[in-house]
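Raw data-v6.cif, mmCIF, C-alpha atoms:
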data_run
#
loop_
_atom_site.label_atom_id
_atom_site.label_comp_id
_atom_site.auth_asym_id
_atom_site.auth_seq_id
_atom_site.Cartn_x
_atom_site.Cartn_y
_atom_site.Cartn_z
CA MET A 1 -117.76 -45.63 -4.90
CA PRO A 2 -120.92 -44.14 -3.32
CA ASN A 3 -120.18 -40.62 -4.59
CA LEU A 4 -119.70 -41.63 -8.22
CA PRO A 5 -123.24 -40.67 -9.38
CA ARG A 6 -122.87 -37.23 -7.80
CA ALA A 7 -119.43 -36.74 -9.37
CA LEU A 8 -120.72 -37.74 -12.80
CA ASP A 9 -123.67 -35.39 -12.42
CA ALA A 10 -121.29 -32.54 -11.51
CA LEU A 11 -119.17 -33.23 -14.60
CA ARG A 12 -122.25 -33.24 -16.82
CA ARG A 13 -123.42 -29.99 -15.27
CA MET A 14 -120.03 -28.34 -15.74
CA ALA A 15 -119.87 -29.41 -19.40
CA HIS A 16 -123.34 -27.97 -19.93
CA LEU A 17 -122.36 -24.68 -18.28
CA LEU A 18 -119.30 -24.37 -20.49
CA ASP A 19 -121.61 -24.67 -23.48
CA THR A 20 -123.95 -22.11 -21.92
CA VAL A 21 -121.21 -19.48 -21.51
CA SER A 22 -120.66 -19.42 -25.27
CA LEU A 23 -124.28 -18.43 -25.90
CA ALA A 24 -125.35 -14.85 -26.54
CA ALA A 25 -126.42 -13.06 -23.37
CA PRO A 26 -130.22 -13.18 -23.93
CA THR A 27 -130.10 -16.90 -24.66
CA ARG A 28 -127.62 -17.54 -21.85
CA TYR A 29 -129.73 -15.80 -19.18
CA ASP A 30 -132.88 -17.64 -20.23
CA HIS A 31 -131.09 -20.95 -20.71
CA MET A 32 -129.58 -20.95 -17.23
CA THR A 33 -132.82 -19.85 -15.59
CA ASN A 34 -134.77 -22.53 -17.44
CA ASP A 35 -132.24 -25.14 -16.32
CA TYR A 36 -132.75 -24.03 -12.73
CA LYS A 37 -136.52 -24.23 -13.23
CA ALA A 38 -136.17 -27.79 -14.53
CA ALA A 39 -134.06 -28.77 -11.51
CA LEU A 40 -136.67 -27.35 -9.12
CA LEU A 41 -139.42 -29.25 -10.91
CA ASP A 42 -137.37 -32.46 -10.86
CA ALA A 43 -136.93 -32.10 -7.11
CA TYR A 44 -140.63 -31.40 -6.65
CA ASP A 45 -141.63 -34.34 -8.86
CA SER A 46 -139.45 -36.69 -6.82
CA TRP A 47 -141.16 -35.42 -3.66
CA VAL A 48 -144.59 -35.98 -5.19
CA LEU A 49 -143.61 -39.58 -5.96
CA TRP A 50 -142.51 -40.02 -2.33
CA PHE A 51 -145.74 -38.36 -1.22
CA LYS A 52 -147.84 -40.81 -3.26
CA ARG A 53 -146.08 -43.78 -1.68
CA GLU A 54 -146.51 -42.39 1.83
CA LEU A 55 -150.23 -41.83 1.41
CA ARG A 56 -150.92 -45.17 -0.21
CA ASP A 57 -153.61 -47.10 1.69
CA THR A 58 -154.28 -44.10 3.96
CA SER A 59 -157.84 -42.77 4.01
CA ASP A 60 -158.35 -41.32 7.50
CA PRO A 61 -158.38 -37.47 7.16
CA ALA A 62 -156.46 -36.90 10.40
CA GLU A 63 -153.79 -39.40 9.38
CA LEU A 64 -153.56 -37.85 5.90
CA LYS A 65 -153.00 -34.38 7.38
CA ARG A 66 -150.38 -35.75 9.77
CA LYS A 67 -148.44 -37.28 6.87
CA ILE A 68 -148.79 -34.08 4.83
CA ALA A 69 -147.34 -32.06 7.73
CA GLU A 70 -144.47 -34.53 8.11
CA GLY A 71 -143.72 -34.25 4.39
CA ALA A 72 -143.24 -30.49 4.51
CA ALA A 73 -139.71 -30.70 5.91
CA GLY A 74 -138.62 -33.09 3.17
CA LEU A 75 -139.94 -30.77 0.45
CA ILE A 76 -138.13 -27.80 1.98
CA ASP A 77 -134.88 -29.75 2.10
CA ARG A 78 -135.14 -30.91 -1.53
CA LEU A 79 -135.81 -27.44 -2.92
CA ARG A 80 -133.23 -25.77 -0.66
CA LEU A 81 -130.57 -28.15 -1.92
CA VAL A 82 -131.38 -27.26 -5.53
CA GLY A 83 -130.85 -23.58 -4.69
CA GLN A 84 -127.53 -24.28 -3.02
CA GLU A 85 -126.34 -26.25 -6.05
CA HIS A 86 -127.54 -23.93 -8.82
CA LEU A 87 -127.42 -20.33 -7.63
CA PRO A 88 -123.59 -20.10 -7.43
CA TYR A 89 -123.44 -20.89 -11.16
CA ALA A 90 -125.05 -17.49 -11.85
CA VAL A 91 -121.52 -16.10 -12.22
CA ASN A 92 -121.34 -17.95 -15.55
CA ALA A 93 -124.10 -15.72 -16.88
CA ILE A 94 -121.68 -12.80 -17.19
CA GLY A 95 -120.20 -13.50 -20.60
CA VAL A 96 -117.01 -11.48 -20.27
CA ASP A 97 -113.74 -13.42 -20.35
CA ASP A 98 -111.92 -11.33 -17.75
CA TYR A 99 -114.81 -11.01 -15.28
CA VAL A 100 -113.89 -12.30 -11.83
CA PRO A 101 -116.72 -12.12 -9.27
CA SER A 102 -115.89 -9.82 -6.38
CA SER A 103 -116.41 -10.66 -2.73
CA ASP A 104 -119.60 -8.59 -2.97
CA ALA A 105 -120.78 -10.83 -5.80
CA TRP A 106 -120.30 -13.97 -3.73
CA ARG A 107 -122.13 -12.23 -0.89
CA MET A 108 -125.03 -11.55 -3.29
CA ILE A 109 -125.13 -15.24 -4.15
CA ALA A 110 -125.06 -16.24 -0.47
CA ASP A 111 -127.93 -13.81 0.14
CA ALA A 112 -129.83 -15.31 -2.81
CA ILE A 113 -129.42 -18.82 -1.39
CA GLU A 114 -130.78 -17.62 1.95
CA SER A 115 -133.62 -15.71 0.25
CA GLN A 116 -134.57 -18.78 -1.76
CA ARG A 117 -134.55 -20.90 1.40
CA ALA A 118 -136.74 -18.40 3.24
CA ASP A 119 -139.20 -18.05 0.36
CA VAL A 120 -139.49 -21.82 0.01
CA GLU A 121 -139.98 -22.28 3.75
CA ASP A 122 -142.28 -19.30 4.37
CA ARG A 123 -144.24 -19.07 1.11
CA LEU A 124 -144.01 -22.00 -1.25
CA VAL A 125 -144.25 -25.01 1.03
CA PRO A 126 -147.05 -23.51 3.19
CA PHE A 127 -148.92 -22.88 -0.09
CA VAL A 128 -148.53 -26.52 -1.13
CA ILE A 129 -149.43 -27.88 2.33
CA ASN A 130 -152.51 -25.65 2.53
CA LYS A 131 -153.66 -26.87 -0.89
CA LEU A 132 -153.26 -30.48 0.18
CA ASN A 133 -155.04 -29.99 3.50
CA THR A 134 -157.91 -28.27 1.68
CA ALA A 135 -158.06 -31.25 -0.67
CA VAL A 136 -158.36 -33.57 2.34
CA ASP A 137 -161.22 -31.47 3.73
CA GLU A 138 -163.01 -31.40 0.37
CA GLY A 139 -162.31 -35.03 -0.48
CA THR A 140 -160.60 -34.20 -3.77
CA ASP A 141 -157.75 -36.08 -5.46
CA LEU A 142 -154.58 -35.40 -3.43
CA GLU A 143 -152.22 -36.54 -6.19
CA ALA A 144 -153.83 -34.21 -8.73
CA VAL A 145 -153.65 -31.28 -6.30
CA ALA A 146 -149.97 -31.98 -5.57
CA GLU A 147 -149.19 -32.08 -9.28
CA SER A 148 -151.16 -28.87 -9.89
CA CYS A 149 -148.74 -26.97 -7.62
CA ALA A 150 -145.80 -27.54 -10.00
CA PRO A 151 -146.26 -24.18 -11.85
CA ARG A 152 -145.90 -22.34 -8.54
CA VAL A 153 -142.69 -24.27 -7.82
CA SER A 154 -141.26 -23.29 -11.21
CA GLU A 155 -141.62 -19.59 -10.38
CA TYR A 156 -138.82 -19.87 -7.85
CA ALA A 157 -136.29 -20.11 -10.67
CA GLY A 158 -136.64 -16.32 -10.66
CA HIS A 159 -134.09 -16.21 -7.82
CA LEU A 160 -131.40 -17.02 -10.39
CA TRP A 161 -132.65 -14.28 -12.73
CA ILE A 162 -132.37 -11.75 -9.91
CA VAL A 163 -128.80 -12.78 -9.11
CA ILE A 164 -127.81 -12.36 -12.77
CA GLN A 165 -129.14 -8.79 -12.81
CA ARG A 166 -127.20 -8.02 -9.63
CA LEU A 167 -124.02 -9.51 -11.06
CA VAL A 168 -124.34 -7.08 -13.99
CA GLY A 169 -123.88 -4.39 -11.35
CA ASP A 170 -120.79 -6.14 -10.01
CA PHE A 171 -119.32 -6.18 -13.51
CA ALA A 172 -120.26 -2.50 -14.02
CA SER A 173 -118.46 -1.50 -10.81
CA GLN A 174 -115.31 -3.36 -11.83
CA ALA A 175 -115.38 -1.93 -15.37
CA ALA A 176 -115.90 1.60 -14.07
CA ALA A 177 -112.94 1.31 -11.68
CA ARG A 178 -110.72 -0.25 -14.36
CA ASP A 179 -111.58 2.22 -17.13
CA ASP A 180 -112.16 5.29 -14.94
CA LEU A 181 -115.56 5.72 -16.61
CA ILE A 182 -119.15 5.78 -15.47
CA TYR A 183 -121.15 3.37 -17.58
CA ARG A 184 -124.77 4.28 -18.15
CA CYS A 185 -127.33 1.55 -17.66
CA ARG A 186 -130.91 0.96 -18.62
CA TRP A 187 -133.71 -1.22 -17.35
CA VAL A 188 -135.19 -2.95 -20.39
CA ARG A 189 -138.79 -4.04 -20.07
CA VAL A 190 -139.98 -7.10 -21.94
CA LYS A 191 -143.07 -5.61 -23.54
CA ASP A 192 -145.67 -8.35 -23.29
CA ASP A 193 -148.90 -8.95 -21.43
CA ASN A 194 -146.95 -9.96 -18.31
CA SER A 195 -145.26 -6.58 -17.83
CA CYS A 196 -145.95 -5.41 -14.31
CA GLU A 197 -146.40 -1.93 -12.85
CA ALA A 198 -142.93 -2.02 -11.27
CA CYS A 199 -141.09 -2.66 -14.54
CA LYS A 200 -143.21 -0.06 -16.33
CA ALA A 201 -142.22 2.44 -13.66
CA PHE A 202 -138.52 1.53 -13.59
CA GLU A 203 -137.76 0.97 -17.28
CA GLY A 204 -135.47 3.51 -18.92
CA GLU A 205 -131.96 4.93 -18.74
CA TYR A 206 -129.90 5.82 -15.67
CA GLU A 207 -126.54 7.53 -15.23
CA SER A 208 -125.10 4.37 -13.73
CA TYR A 209 -126.08 1.06 -12.19
CA ASP A 210 -125.77 2.60 -8.72
CA ALA A 211 -127.95 5.52 -9.79
CA MET A 212 -130.57 3.03 -10.91
CA LEU A 213 -130.50 1.28 -7.54
CA GLN A 214 -130.90 4.62 -5.80
CA ALA A 215 -133.83 5.60 -8.02
CA THR A 216 -135.61 2.25 -7.74
CA GLY A 217 -135.03 1.71 -4.04
CA GLU A 218 -132.53 -1.12 -4.63
CA CYS A 219 -134.89 -2.93 -7.02
CA VAL A 220 -133.62 -4.90 -10.00
CA PRO A 221 -135.71 -6.98 -12.42
CA GLY A 222 -137.43 -9.65 -10.34
CA TYR A 223 -136.61 -8.06 -6.98
CA PHE A 224 -139.24 -5.56 -5.88
CA VAL A 225 -139.11 -5.64 -2.08
CA GLY A 226 -140.30 -2.29 -0.77
CA SER A 227 -141.59 -1.16 -4.15
CA PRO A 228 -144.96 0.65 -4.07
CA TYR A 229 -145.89 -0.91 -7.42
CA ARG A 230 -147.59 -4.20 -8.17
CA SER A 231 -144.91 -6.56 -9.42
CA CYS A 232 -144.55 -9.87 -11.23
CA TRP A 233 -142.07 -10.94 -8.52
CA LEU A 234 -140.05 -14.02 -9.55
CA ASN A 235 -141.75 -14.24 -12.94
CA CYS A 236 -139.87 -11.18 -14.21
CA ARG A 237 -137.72 -11.55 -17.33
CA CYS A 238 -136.84 -7.88 -17.85
CA TYR A 239 -133.12 -7.15 -17.73
CA ILE A 240 -130.31 -4.60 -17.40
CA GLU A 241 -128.06 -3.32 -20.20
CA LEU A 242 -124.87 -1.22 -20.02
CA PHE A 243 -123.78 1.41 -22.55
CA ILE A 244 -120.34 0.17 -23.61
CA ASP A 245 -118.28 1.21 -26.64
CA GLY A 246 -121.09 3.32 -28.02
CA LYS A 247 -123.87 0.74 -27.85
CA TRP A 248 -126.28 -0.80 -25.37
CA THR A 249 -125.01 -4.21 -24.36
CA ARG A 250 -126.58 -7.06 -22.45
CA ILE A 251 -123.49 -8.45 -20.73
#

Would you mind giving the structure from this file in structure tokens?
Amino acid sequence: MPNLPRALDALRRMAHLLDTVSLAAPTRYDHMTNDYKAALLDAYDSWVLWFKRELRDTSDPAELKRKIAEGAAGLIDRLRLVGQEHLPYAVNAIGVDDYVPSSDAWRMIADAIESQRADVEDRLVPFVINKLNTAVDEGTDLEAVAESCAPRVSEYAGHLWIVIQRLVGDFASQAAARDDLIYRCRWVRVKDDNSCEACKAFEGEYESYDAMLQATGECVPGYFVGSPYRSCWLNCRCYIELFIDGKWTRI
């Protein structure tokens, strides 16, 4: 049964997600994002092991660079697959029993998968390859340089965080239509040394989730494309709350 390991892994993942759904929203958001980060790092670590084997007994700089270039496609594929497997599970972050993701929500997730693929292909992997090529030119330890890139890889877990904040909007739209109410929302900034200019500018209350998008230029925590402010990009852990039943609630 060649697919047995994959099936067992899927069952383990599903059991873990069922446990995750029962967590309070702050813990659930962070827990799922950290799981995604771990999966990205696992995929990167497995590539680094492959990379070490490929470069064993190779010392010629031109040959080293050729093998580094050939390895880029494999790294892209590994990280892209992690995004495809994990990002759809973002729907489990919305801890409301009767929430059913809309077609727009699934479109958001499809867009996130594509965005993650593009960022990996256009930003992350070129960063890693450039670091390795520089190491070849400078004669430094290639394995150490490859391993030093892991923190940059972990940042890409922020794609899941962004999807969660967008799914809050999907829930808000459904709740507003069901209850014939406009639910206020607020951008909550995590007040630590990592707070960026964008979150400082966007934090606060809005008449609705859609009003927030209009005011921020479609930005949500972690997604700052087109923003004039310096941002923490995928490192963001600020979040959106809705005013429901007389209190601010992190869904």

Distance of atom CA of Ser102 of chain A from atom CA of Val120 of chain A, expressed in Å to one decimal place: 27.2 Å

Fewer than 4 positions away in the same chain doesn't count, so skip those; otherwise give me all residues within 7 Å of Asn235 of chain A, counting only C-alpha atoms, as a CSV table (one decimal) with C-alpha atoms, in the frame of the given file.
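Final output, saved to result_28.csv:
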chain,number,residue,atom,x,y,z
A,155,GLU,CA,-141.6,-19.6,-10.4
A,158,GLY,CA,-136.6,-16.3,-10.7
A,222,GLY,CA,-137.4,-9.6,-10.3

Selected residue, from A:Arg189, A:Ala157, A:Phe127, A:Ala72, that lies nearest to Val145 of chain A when counting all atoms listed in the file: A:Phe127

Picked residues, the PyMOL selection byres ((chain A and resi 213) around 12), expected as an MDAnalysis selection string: chainID A and resid 165:166 169 185:187 202 205:212 214:221 223:224 227 240

Residues selected by the PyMOL selection byres ((chain A and resi 76-78) around 9), written as a list of chain:residue names: A:Leu40, A:Ala43, A:Tyr44, A:Ser46, A:Trp47, A:Gly71, A:Ala72, A:Ala73, A:Gly74, A:Leu75, A:Leu79, A:Arg80, A:Leu81, A:Val82, A:Arg117, A:Val120, A:Glu121, A:Leu124, A:Val125

Return as AutoDock Vina command-line options the box centre and box size in Å, one decimal, for an axis-aligned box around all listed atoms of segment 108-112 of chain A padded by 5 Å per side.
--center_x -127.4 --center_y -13.9 --center_z -2.0 --size_x 14.8 --size_y 14.7 --size_z 14.3

Atom CA of Ser103 of chain A to atom CA of Ser115 of chain A, distance in Å rounded to a single decimal: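 We find that atom CA of Ser103 of chain A and atom CA of Ser115 of chain A lie 18.2 Å from each other.
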
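Atom CA of Lys37 of chain A is found 15.4 Å from atom CA of Glu147 of chain A.
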
Once the PyMOL selection byres ((chain A and resi 113) around 10) has been evaluated on this model, what residues remain selected, and can you format them as an mmCIF file with C-alpha atoms, keeping the file's coordinate frame?
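Result file expr06.cif:
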data_model
loop_
_atom_site.group_PDB
_atom_site.id
_atom_site.type_symbol
_atom_site.label_atom_id
_atom_site.label_comp_id
_atom_site.auth_asym_id
_atom_site.auth_seq_id
_atom_site.Cartn_x
_atom_site.Cartn_y
_atom_site.Cartn_z
ATOM 1 C CA ARG A 80 -133.230 -25.770 -0.660
ATOM 2 C CA LEU A 81 -130.570 -28.150 -1.920
ATOM 3 C CA VAL A 82 -131.380 -27.260 -5.530
ATOM 4 C CA GLY A 83 -130.850 -23.580 -4.690
ATOM 5 C CA GLN A 84 -127.530 -24.280 -3.020
ATOM 6 C CA GLU A 85 -126.340 -26.250 -6.050
ATOM 7 C CA HIS A 86 -127.540 -23.930 -8.820
ATOM 8 C CA LEU A 87 -127.420 -20.330 -7.630
ATOM 9 C CA PRO A 88 -123.590 -20.100 -7.430
ATOM 10 C CA ARG A 107 -122.130 -12.230 -0.890
ATOM 11 C CA MET A 108 -125.030 -11.550 -3.290
ATOM 12 C CA ILE A 109 -125.130 -15.240 -4.150
ATOM 13 C CA ALA A 110 -125.060 -16.240 -0.470
ATOM 14 C CA ASP A 111 -127.930 -13.810 0.140
ATOM 15 C CA ALA A 112 -129.830 -15.310 -2.810
ATOM 16 C CA GLU A 114 -130.780 -17.620 1.950
ATOM 17 C CA SER A 115 -133.620 -15.710 0.250
ATOM 18 C CA GLN A 116 -134.570 -18.780 -1.760
ATOM 19 C CA ARG A 117 -134.550 -20.900 1.400
ATOM 20 C CA ALA A 118 -136.740 -18.400 3.240
ATOM 21 C CA ASP A 119 -139.200 -18.050 0.360
ATOM 22 C CA HIS A 159 -134.090 -16.210 -7.820
ATOM 23 C CA LEU A 160 -131.400 -17.020 -10.390
ATOM 24 C CA VAL A 163 -128.800 -12.780 -9.110
#
